[in-house]
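> Pasting target39.cif below, which is mmCIF, C-alpha atoms.
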data_model
#
loop_
_atom_site.label_atom_id
_atom_site.label_comp_id
_atom_site.auth_asym_id
_atom_site.auth_seq_id
_atom_site.Cartn_x
_atom_site.Cartn_y
_atom_site.Cartn_z
CA PHE A 1 -21.20 21.19 9.59
CA PHE A 2 -23.15 21.21 12.85
CA LEU A 3 -25.20 18.14 11.97
CA ASN A 4 -22.15 16.27 10.67
CA SER A 5 -20.32 17.03 13.91
CA ILE A 6 -23.19 15.51 15.90
CA LEU A 7 -23.19 12.37 13.73
CA GLU A 8 -19.40 11.95 13.59
CA ASN A 9 -19.10 12.32 17.36
CA LYS A 10 -21.73 9.58 17.92
CA TYR A 11 -23.69 12.21 19.80
CA SER A 12 -27.07 11.74 18.12
CA PRO A 13 -28.80 9.89 21.05
CA ILE A 14 -28.02 12.75 23.44
CA PHE A 15 -28.83 15.46 20.92
CA PHE A 16 -32.05 13.87 19.70
CA ASP A 17 -33.32 13.64 23.30
CA TYR A 18 -32.38 17.29 23.79
CA LEU A 19 -34.43 18.31 20.74
CA LYS A 20 -37.46 16.37 21.99
CA GLU A 21 -37.26 17.69 25.56
CA ASN A 22 -36.97 21.31 24.39
CA ASN A 23 -39.49 21.15 21.51
CA LEU A 24 -36.80 22.00 18.97
CA LYS A 25 -37.43 19.28 16.38
CA GLU A 26 -39.12 21.77 14.07
CA SER A 27 -35.81 23.65 13.82
CA PHE A 28 -34.51 20.82 11.62
CA HIS A 29 -35.49 19.53 8.22
CA PRO A 30 -37.32 16.15 8.32
CA TYR A 31 -34.41 14.55 6.42
CA GLU A 32 -31.96 15.76 9.09
CA LEU A 33 -34.17 14.39 11.85
CA LYS A 34 -34.33 11.10 9.99
CA LEU A 35 -30.51 10.92 9.89
CA LEU A 36 -30.36 11.50 13.65
CA LYS A 37 -33.13 9.02 14.44
CA ASN A 38 -31.61 6.34 12.20
CA GLN A 39 -28.30 6.65 14.02
CA VAL A 40 -30.07 6.42 17.40
CA GLU A 41 -31.86 3.22 16.36
CA ARG A 42 -28.65 1.76 14.95
CA TYR A 43 -26.83 2.39 18.23
CA LYS A 44 -29.59 0.67 20.20
CA ILE A 45 -29.29 -2.46 18.07
CA GLN A 46 -25.49 -2.26 18.09
CA ASN A 47 -25.26 -1.89 21.86
CA LEU A 48 -27.61 -4.83 22.41
CA GLU A 49 -25.24 -6.91 20.28
CA ILE A 50 -22.29 -5.63 22.33
CA VAL A 51 -24.09 -6.64 25.55
CA LYS A 52 -24.71 -10.16 24.22
CA GLU A 53 -21.06 -10.46 23.16
CA VAL A 54 -19.73 -9.28 26.54
CA LEU A 55 -21.90 -11.82 28.38
CA HIS A 56 -20.65 -14.53 26.01
CA LEU A 57 -17.03 -13.51 26.59
CA ASN A 58 -17.50 -13.34 30.33
CA GLU A 59 -18.85 -16.86 30.42
CA ILE A 60 -15.69 -18.07 28.65
CA PHE A 61 -13.37 -16.11 30.93
CA LYS A 62 -15.15 -17.25 34.12
CA LYS A 63 -14.90 -20.86 33.03
CA HIS A 64 -11.11 -20.48 32.73
CA LYS A 65 -10.75 -18.36 35.90
CA LEU A 66 -9.40 -15.33 34.02
CA ASN A 67 -9.64 -11.75 35.30
CA PRO A 68 -10.72 -9.32 32.55
CA ILE A 69 -11.12 -5.60 33.17
CA TYR A 70 -13.52 -3.97 30.71
CA LEU A 71 -12.49 -0.56 29.39
CA LYS A 72 -14.14 2.45 27.73
CA GLY A 73 -17.58 1.80 26.18
CA VAL A 74 -18.52 -1.35 28.08
CA SER A 75 -17.40 0.12 31.40
CA LEU A 76 -19.48 3.28 30.81
CA MET A 77 -22.63 1.90 29.17
CA ASN A 78 -24.52 1.42 32.45
CA GLU A 79 -23.85 4.99 33.53
CA PHE A 80 -26.52 6.22 31.10
CA SER A 81 -30.28 5.73 31.43
CA ASP A 82 -30.70 4.68 27.77
CA ILE A 83 -28.68 1.87 26.22
CA SER A 84 -28.18 3.88 23.01
CA SER A 85 -26.70 6.91 24.82
CA ARG A 86 -23.17 5.50 25.00
CA PRO A 87 -22.46 3.88 21.58
CA SER A 88 -19.80 1.17 21.41
CA TYR A 89 -18.23 -0.35 18.33
CA ASP A 90 -15.88 -2.87 19.87
CA ILE A 91 -14.95 -4.43 23.20
CA ASP A 92 -11.69 -3.40 24.89
CA ILE A 93 -10.43 -5.66 27.68
CA LEU A 94 -7.36 -5.30 29.86
CA PHE A 95 -5.49 -8.36 31.13
CA SER A 96 -2.30 -8.67 33.12
CA GLU A 97 0.76 -9.73 31.12
CA GLU A 98 0.53 -13.12 32.83
CA GLU A 99 -2.99 -13.72 31.49
CA ILE A 100 -3.21 -12.02 28.10
CA PHE A 101 -1.74 -14.83 25.96
CA LYS A 102 -3.84 -17.42 27.74
CA ALA A 103 -6.98 -15.34 27.18
CA TYR A 104 -6.09 -14.86 23.50
CA LYS A 105 -5.51 -18.57 22.98
CA ILE A 106 -8.76 -19.50 24.74
CA LEU A 107 -10.77 -17.13 22.55
CA LYS A 108 -9.27 -18.66 19.42
CA GLU A 109 -10.18 -22.11 20.75
CA ASN A 110 -13.75 -20.84 21.13
CA GLY A 111 -14.24 -19.74 17.54
CA TYR A 112 -12.62 -16.30 17.49
CA VAL A 113 -10.34 -15.49 14.54
CA HIS A 114 -7.93 -12.74 13.54
CA TYR A 115 -9.33 -9.71 11.75
CA ARG A 116 -7.47 -8.57 8.61
CA VAL A 117 -4.11 -9.94 9.73
CA LEU A 118 -2.32 -13.16 8.93
CA GLU A 119 -2.31 -15.87 11.58
CA LYS A 120 0.59 -15.36 14.00
CA SER A 121 2.58 -17.93 15.92
CA ASP A 122 3.12 -17.63 19.69
CA GLU A 123 6.60 -16.24 19.09
CA GLU A 124 5.31 -13.69 16.59
CA LEU A 125 2.67 -12.56 19.08
CA LYS A 126 5.30 -12.13 21.81
CA SER A 127 7.31 -9.99 19.42
CA TYR A 128 4.21 -8.06 18.30
CA ILE A 129 3.20 -7.13 21.83
CA LYS A 130 6.52 -5.40 22.52
CA ASN A 131 5.53 -2.63 20.10
CA HIS A 132 1.77 -2.56 20.70
CA HIS A 133 -0.50 -2.04 23.69
CA ASP A 134 -2.85 -4.77 22.47
CA LEU A 135 -2.91 -7.99 20.48
CA PRO A 136 -4.44 -8.21 16.97
CA GLU A 137 -8.24 -7.88 17.02
CA LEU A 138 -10.37 -11.01 17.19
CA HIS A 139 -13.97 -11.64 16.24
CA ARG A 140 -16.40 -14.49 15.67
CA GLU A 141 -19.45 -14.70 13.39
CA THR A 142 -21.02 -11.69 15.16
CA ASN A 143 -18.23 -9.50 13.68
CA ILE A 144 -17.88 -7.54 16.91
CA MET A 145 -14.22 -6.73 17.38
CA VAL A 146 -12.55 -7.78 20.63
CA GLU A 147 -9.27 -6.10 21.59
CA LEU A 148 -7.18 -7.63 24.37
CA HIS A 149 -4.82 -5.11 25.99
CA HIS A 150 -1.85 -5.75 28.22
CA ARG A 151 -1.45 -1.99 28.81
CA VAL A 152 -3.62 1.06 28.14
CA THR A 153 -1.01 3.37 26.58
CA SER A 154 1.17 2.71 23.56
CA PRO A 155 4.87 1.78 23.98
CA ALA A 156 5.54 4.58 21.49
CA ASP A 157 4.21 7.08 24.07
CA PHE A 158 5.52 5.54 27.31
CA SER A 159 8.21 2.89 27.64
CA GLU A 160 6.42 1.79 30.82
CA CYS A 161 2.69 2.46 31.01
CA PRO A 162 2.03 4.92 33.87
CA ILE A 163 -1.53 3.75 34.53
CA THR A 164 -1.90 0.01 33.79
CA ASP A 165 -0.60 -1.35 37.12
CA HIS A 166 -2.79 1.09 39.01
CA ILE A 167 -5.88 -0.05 37.07
CA LEU A 168 -5.08 -3.71 37.69
CA LYS A 169 -4.57 -3.17 41.43
CA ASN A 170 -7.53 -0.83 41.97
CA LYS A 171 -10.18 -2.27 39.66
CA SER A 172 -13.79 -1.93 40.76
CA ARG A 173 -16.80 -4.23 40.48
CA PHE A 174 -19.90 -3.25 38.54
CA ILE A 175 -23.09 -5.04 37.54
CA PHE A 176 -23.49 -5.43 33.80
CA PHE A 177 -26.92 -6.79 32.85
CA GLY A 178 -26.99 -9.19 35.76
CA GLU A 179 -23.30 -10.19 35.67
CA GLU A 180 -20.59 -8.96 38.00
CA LEU A 181 -17.68 -7.58 35.94
CA PHE A 182 -14.62 -5.44 36.64
CA ARG A 183 -13.62 -2.05 35.26
CA PRO A 184 -11.15 0.73 36.25
CA ASN A 185 -12.25 2.78 39.24
CA ILE A 186 -13.84 6.14 38.44
CA ASN A 187 -10.65 8.21 38.71
CA ASP A 188 -8.71 5.79 36.52
CA SER A 189 -11.59 5.71 34.03
CA ILE A 190 -11.45 9.50 33.68
CA ILE A 191 -7.66 9.50 33.35
CA HIS A 192 -7.85 6.76 30.72
CA LEU A 193 -10.50 8.69 28.74
CA ILE A 194 -8.34 11.83 28.76
CA LEU A 195 -5.17 9.93 27.83
CA HIS A 196 -6.94 8.19 24.97
CA PHE A 197 -8.40 11.45 23.66
CA SER A 198 -5.22 13.51 24.00
CA ILE A 199 -2.20 11.29 23.43
CA GLN A 200 -3.64 8.57 21.20
CA ASN A 201 -6.15 10.64 19.23
CA PHE A 202 -4.35 14.01 19.27
CA PHE A 203 -7.42 15.90 20.61
CA GLU A 204 -9.33 15.14 17.41
CA GLN A 205 -11.56 12.06 17.70
CA ASN A 206 -15.01 12.41 19.30
CA PRO A 207 -14.41 15.44 21.58
CA LEU A 208 -18.14 15.79 22.33
CA ARG A 209 -18.27 12.16 23.39
CA LEU A 210 -15.32 12.57 25.77
CA PHE A 211 -16.82 15.60 27.50
CA PHE A 212 -20.21 13.97 27.81
CA ASP A 213 -18.69 10.78 29.26
CA ILE A 214 -16.91 12.79 31.94
CA ASN A 215 -19.98 14.94 32.53
CA GLN A 216 -22.06 11.80 33.09
CA LEU A 217 -19.52 10.41 35.56
CA GLU A 218 -19.60 13.71 37.45
CA LYS A 219 -23.40 13.42 37.65
CA ASN A 220 -23.21 9.90 39.07
CA TYR A 221 -20.21 10.18 41.41
CA ILE A 222 -18.28 12.68 43.50
CA VAL A 223 -15.23 13.36 41.33
CA ASP A 224 -12.21 14.88 43.08
CA TRP A 225 -10.24 16.59 40.30
CA LYS A 226 -7.34 17.48 42.58
CA GLU A 227 -7.01 13.80 43.47
CA ILE A 228 -7.07 12.91 39.75
CA CYS A 229 -4.44 15.53 38.89
CA ASP A 230 -2.20 14.42 41.76
CA ALA A 231 -2.58 10.68 41.06
CA TYR A 232 0.27 10.43 38.53
CA ASP A 233 3.53 12.28 38.14
#
Translate this file's structure into structure tokens.

Amino acid sequence: FFLNSILENKYSPIFFDYLKENNLKESFHPYELKLLKNQVERYKIQNLEIVKEVLHLNEIFKKHKLNPIYLKGVSLMNEFSDISSRPSYDIDILFSEEEIFKAYKILKENGYVHYRVLEKSDEELKSYIKNHHDLPELHRETNIMVELHHRVTSPADFSECPITDHILKNKSRFIFFGEELFRPNINDSIIHLILHFSIQNFFEQNPLRLFFDINQLEKNYIVDWKEICDAYD
């Protein structure tokens, strides 16, 4: 159960380092260590692919003068010393409502296609977005999923998203492998992580990952929890 919890929470890079630093590897069977190490290596390769895809996307968006804000995994990856420490499976990007359809169309013109859904017309997409916080996933031959969001909470949870406008207005710059990108500021990043974990995932998905993300942000920045709690009604 313990080992499965580590693997399911994508926590193996952190845990494997902990075992090495504290000379605890002998506490585990060689097969268990192999499972952990394999996941660590897979995340390194996977995150390198994510980095390449983000730089490719950013080149497209810059060319068309669009303003993406990178969420979750991509926005947090640089906070860790090792690229495998913060695994990412897909790329979540927030756009304003004015830009999201343009961004979606441009990606499709650059070789991105729908994933597991039928092709939708412009009218169908406008209808779809009323009930979803993002548009259908896109990918190209790399098979890395790209999700374009026009809000960060679901319409089923909030008729008007309580955090999206604040993220758009208070975005912060960060350097991502030599490129200047935008992400939510630190307070909004923490609020988004908690909202995603609690409201969207019902306190079930990757709890270890959430706590470690926040712990890492607290190591790197001065986090004012009163300010975070008072930020939104």
> Under the rule of at most 12 Å, produce a per-residue listing of region 79-160 of chain A near region 181-195 of chain A: chain, number, name, the closest pair of atoms, and the distance in Å, as CSV, using all atoms listed in the file.

residue,atom,partner,partner_atom,distance
A:Glu79,CA,A:Ile186,CA,11.2
A:Asp92,CA,A:Arg183,CA,10.6
A:Ile93,CA,A:Arg183,CA,9.0
A:Leu94,CA,A:Arg183,CA,8.9
A:Phe95,CA,A:Phe182,CA,11.1
A:Arg151,CA,A:His192,CA,11.0
A:Val152,CA,A:His192,CA,7.6
A:Thr153,CA,A:Leu195,CA,7.9
A:Ser154,CA,A:Leu195,CA,10.5
A:Asp157,CA,A:Leu195,CA,10.5
A:Phe158,CA,A:Leu195,CA,11.6
> Under the PyMOL selection byres ((chain A and resi 96) around 12), which residues of this model are included? Write them out as a PyMOL selection string.
chain A and resi 66-69+93-95+97-103+133-134+148-152+164-169
> Report the residues retrieved by the PyMOL selection byres ((chain A and resi 117-124) around 12) from the displayed file, expressed as a ChimeraX atom specification.
/A:100-102,104-105,108,112-116,125-131,135-139
> Take CA of Lys25 (chain A) and CA of Ser12 (chain A) and report the distance between them in Å, one decimal.
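A separation of 12.9 Å between them.
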> Counting all atoms listed in the file, which residue out of A:Leu35, A:Ile163, A:Val146, A:Ser88 sits closest to Asp233 (chain A)?
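For Asp233 (chain A), the nearest of the candidates is A:Ile163.
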> Between CA of Phe202 (chain A) and CA of Lys10 (chain A), what is the distance, to one decimal in Å?
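Those two atoms sit 18.0 Å apart.
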> Which is closest to Glu109 (chain A) among A:Arg173, A:His132, A:Lys20, A:Arg140, if we use all atoms listed in the file?
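Of A:Arg173, A:His132, A:Lys20, A:Arg140, the one nearest Glu109 (chain A), counting all atoms listed in the file, is A:Arg140.
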> Ranking A:Asn110, A:Lys44, A:Gln216, A:Gly73 by minimum distance to His56 (chain A) and counting all atoms listed in the file, which one comes first?
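Counting all atoms listed in the file, the residue closest to His56 (chain A) is A:Asn110.
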> Please complete region 119-150 of chain A so it has N, CA and C atoms, and hand it over as a PDB file, in the coordinates of the input.

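For reference, out.pdb as written:
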ATOM      1  N   GLU A 119      -2.452 -15.102  10.338  1.00  0.00           N
ATOM      2  CA  GLU A 119      -2.310 -15.870  11.580  1.00  0.00           C
ATOM      3  C   GLU A 119      -0.879 -15.743  12.106  1.00  0.00           C
ATOM      4  N   LYS A 120      -0.740 -15.536  13.403  1.00  0.00           N
ATOM      5  CA  LYS A 120       0.590 -15.360  14.000  1.00  0.00           C
ATOM      6  C   LYS A 120       0.893 -16.491  14.972  1.00  0.00           C
ATOM      7  N   SER A 121       2.143 -16.907  14.972  1.00  0.00           N
ATOM      8  CA  SER A 121       2.580 -17.930  15.920  1.00  0.00           C
ATOM      9  C   SER A 121       2.730 -17.293  17.305  1.00  0.00           C
ATOM     10  N   ASP A 122       2.931 -18.142  18.327  1.00  0.00           N
ATOM     11  CA  ASP A 122       3.120 -17.630  19.690  1.00  0.00           C
ATOM     12  C   ASP A 122       4.331 -16.704  19.757  1.00  0.00           C
ATOM     13  N   GLU A 123       5.395 -17.072  19.080  1.00  0.00           N
ATOM     14  CA  GLU A 123       6.600 -16.240  19.090  1.00  0.00           C
ATOM     15  C   GLU A 123       6.362 -14.905  18.407  1.00  0.00           C
ATOM     16  N   GLU A 124       5.625 -14.940  17.304  1.00  0.00           N
ATOM     17  CA  GLU A 124       5.310 -13.690  16.590  1.00  0.00           C
ATOM     18  C   GLU A 124       4.441 -12.776  17.451  1.00  0.00           C
ATOM     19  N   LEU A 125       3.508 -13.365  18.204  1.00  0.00           N
ATOM     20  CA  LEU A 125       2.670 -12.560  19.080  1.00  0.00           C
ATOM     21  C   LEU A 125       3.477 -11.924  20.208  1.00  0.00           C
ATOM     22  N   LYS A 126       4.441 -12.673  20.745  1.00  0.00           N
ATOM     23  CA  LYS A 126       5.300 -12.130  21.810  1.00  0.00           C
ATOM     24  C   LYS A 126       6.151 -10.976  21.288  1.00  0.00           C
ATOM     25  N   SER A 127       6.560 -11.078  20.045  1.00  0.00           N
ATOM     26  CA  SER A 127       7.310  -9.990  19.420  1.00  0.00           C
ATOM     27  C   SER A 127       6.392  -8.805  19.128  1.00  0.00           C
ATOM     28  N   TYR A 128       5.196  -9.093  18.650  1.00  0.00           N
ATOM     29  CA  TYR A 128       4.210  -8.060  18.300  1.00  0.00           C
ATOM     30  C   TYR A 128       3.853  -7.194  19.510  1.00  0.00           C
ATOM     31  N   ILE A 129       3.689  -7.834  20.642  1.00  0.00           N
ATOM     32  CA  ILE A 129       3.200  -7.130  21.830  1.00  0.00           C
ATOM     33  C   ILE A 129       4.230  -6.153  22.404  1.00  0.00           C
ATOM     34  N   LYS A 130       5.490  -6.329  22.037  1.00  0.00           N
ATOM     35  CA  LYS A 130       6.520  -5.400  22.520  1.00  0.00           C
ATOM     36  C   LYS A 130       6.321  -3.997  21.949  1.00  0.00           C
ATOM     37  N   ASN A 131       5.705  -3.920  20.763  1.00  0.00           N
ATOM     38  CA  ASN A 131       5.530  -2.630  20.100  1.00  0.00           C
ATOM     39  C   ASN A 131       4.076  -2.158  20.060  1.00  0.00           C
ATOM     40  N   HIS A 132       3.188  -2.906  20.708  1.00  0.00           N
ATOM     41  CA  HIS A 132       1.770  -2.560  20.700  1.00  0.00           C
ATOM     42  C   HIS A 132       1.191  -2.687  22.103  1.00  0.00           C
ATOM     43  N   HIS A 133       0.136  -1.939  22.375  1.00  0.00           N
ATOM     44  CA  HIS A 133      -0.500  -2.040  23.690  1.00  0.00           C
ATOM     45  C   HIS A 133      -1.598  -3.096  23.706  1.00  0.00           C
ATOM     46  N   ASP A 134      -1.844  -3.709  22.544  1.00  0.00           N
ATOM     47  CA  ASP A 134      -2.850  -4.770  22.470  1.00  0.00           C
ATOM     48  C   ASP A 134      -2.406  -5.832  21.473  1.00  0.00           C
ATOM     49  N   LEU A 135      -3.134  -6.940  21.460  1.00  0.00           N
ATOM     50  CA  LEU A 135      -2.910  -7.990  20.480  1.00  0.00           C
ATOM     51  C   LEU A 135      -3.829  -7.763  19.284  1.00  0.00           C
ATOM     52  N   PRO A 136      -3.565  -8.402  18.127  1.00  0.00           N
ATOM     53  CA  PRO A 136      -4.440  -8.210  16.970  1.00  0.00           C
ATOM     54  C   PRO A 136      -5.907  -8.510  17.317  1.00  0.00           C
ATOM     55  N   GLU A 137      -6.803  -7.730  16.731  1.00  0.00           N
ATOM     56  CA  GLU A 137      -8.240  -7.880  17.020  1.00  0.00           C
ATOM     57  C   GLU A 137      -8.732  -9.278  16.665  1.00  0.00           C
ATOM     58  N   LEU A 138      -9.702  -9.727  17.449  1.00  0.00           N
ATOM     59  CA  LEU A 138     -10.370 -11.010  17.190  1.00  0.00           C
ATOM     60  C   LEU A 138     -11.864 -10.781  17.024  1.00  0.00           C
ATOM     61  N   HIS A 139     -12.514 -11.686  16.336  1.00  0.00           N
ATOM     62  CA  HIS A 139     -13.970 -11.640  16.240  1.00  0.00           C
ATOM     63  C   HIS A 139     -14.475 -13.038  15.901  1.00  0.00           C
ATOM     64  N   ARG A 140     -15.764 -13.247  16.123  1.00  0.00           N
ATOM     65  CA  ARG A 140     -16.400 -14.490  15.670  1.00  0.00           C
ATOM     66  C   ARG A 140     -17.471 -14.111  14.653  1.00  0.00           C
ATOM     67  N   GLU A 141     -18.480 -14.960  14.459  1.00  0.00           N
ATOM     68  CA  GLU A 141     -19.450 -14.700  13.390  1.00  0.00           C
ATOM     69  C   GLU A 141     -20.280 -13.437  13.643  1.00  0.00           C
ATOM     70  N   THR A 142     -20.286 -12.931  14.868  1.00  0.00           N
ATOM     71  CA  THR A 142     -21.020 -11.690  15.160  1.00  0.00           C
ATOM     72  C   THR A 142     -20.327 -10.462  14.571  1.00  0.00           C
ATOM     73  N   ASN A 143     -19.036 -10.604  14.231  1.00  0.00           N
ATOM     74  CA  ASN A 143     -18.230  -9.500  13.680  1.00  0.00           C
ATOM     75  C   ASN A 143     -18.082  -8.320  14.625  1.00  0.00           C
ATOM     76  N   ILE A 144     -18.198  -8.565  15.919  1.00  0.00           N
ATOM     77  CA  ILE A 144     -17.880  -7.540  16.910  1.00  0.00           C
ATOM     78  C   ILE A 144     -16.415  -7.715  17.300  1.00  0.00           C
ATOM     79  N   MET A 145     -15.648  -6.648  17.135  1.00  0.00           N
ATOM     80  CA  MET A 145     -14.220  -6.730  17.380  1.00  0.00           C
ATOM     81  C   MET A 145     -13.914  -6.772  18.884  1.00  0.00           C
ATOM     82  N   VAL A 146     -12.992  -7.644  19.238  1.00  0.00           N
ATOM     83  CA  VAL A 146     -12.550  -7.780  20.630  1.00  0.00           C
ATOM     84  C   VAL A 146     -11.055  -7.478  20.668  1.00  0.00           C
ATOM     85  N   GLU A 147     -10.674  -6.471  21.453  1.00  0.00           N
ATOM     86  CA  GLU A 147      -9.270  -6.100  21.590  1.00  0.00           C
ATOM     87  C   GLU A 147      -8.786  -6.439  22.993  1.00  0.00           C
ATOM     88  N   LEU A 148      -7.779  -7.281  23.080  1.00  0.00           N
ATOM     89  CA  LEU A 148      -7.180  -7.630  24.370  1.00  0.00           C
ATOM     90  C   LEU A 148      -5.939  -6.771  24.585  1.00  0.00           C
ATOM     91  N   HIS A 149      -5.924  -6.018  25.669  1.00  0.00           N
ATOM     92  CA  HIS A 149      -4.820  -5.110  25.990  1.00  0.00           C
ATOM     93  C   HIS A 149      -3.990  -5.672  27.133  1.00  0.00           C
ATOM     94  N   HIS A 150      -2.691  -5.450  27.066  1.00  0.00           N
ATOM     95  CA  HIS A 150      -1.850  -5.750  28.220  1.00  0.00           C
ATOM     96  C   HIS A 150      -1.373  -4.461  28.884  1.00  0.00           C
TER      97      HIS A 150
END
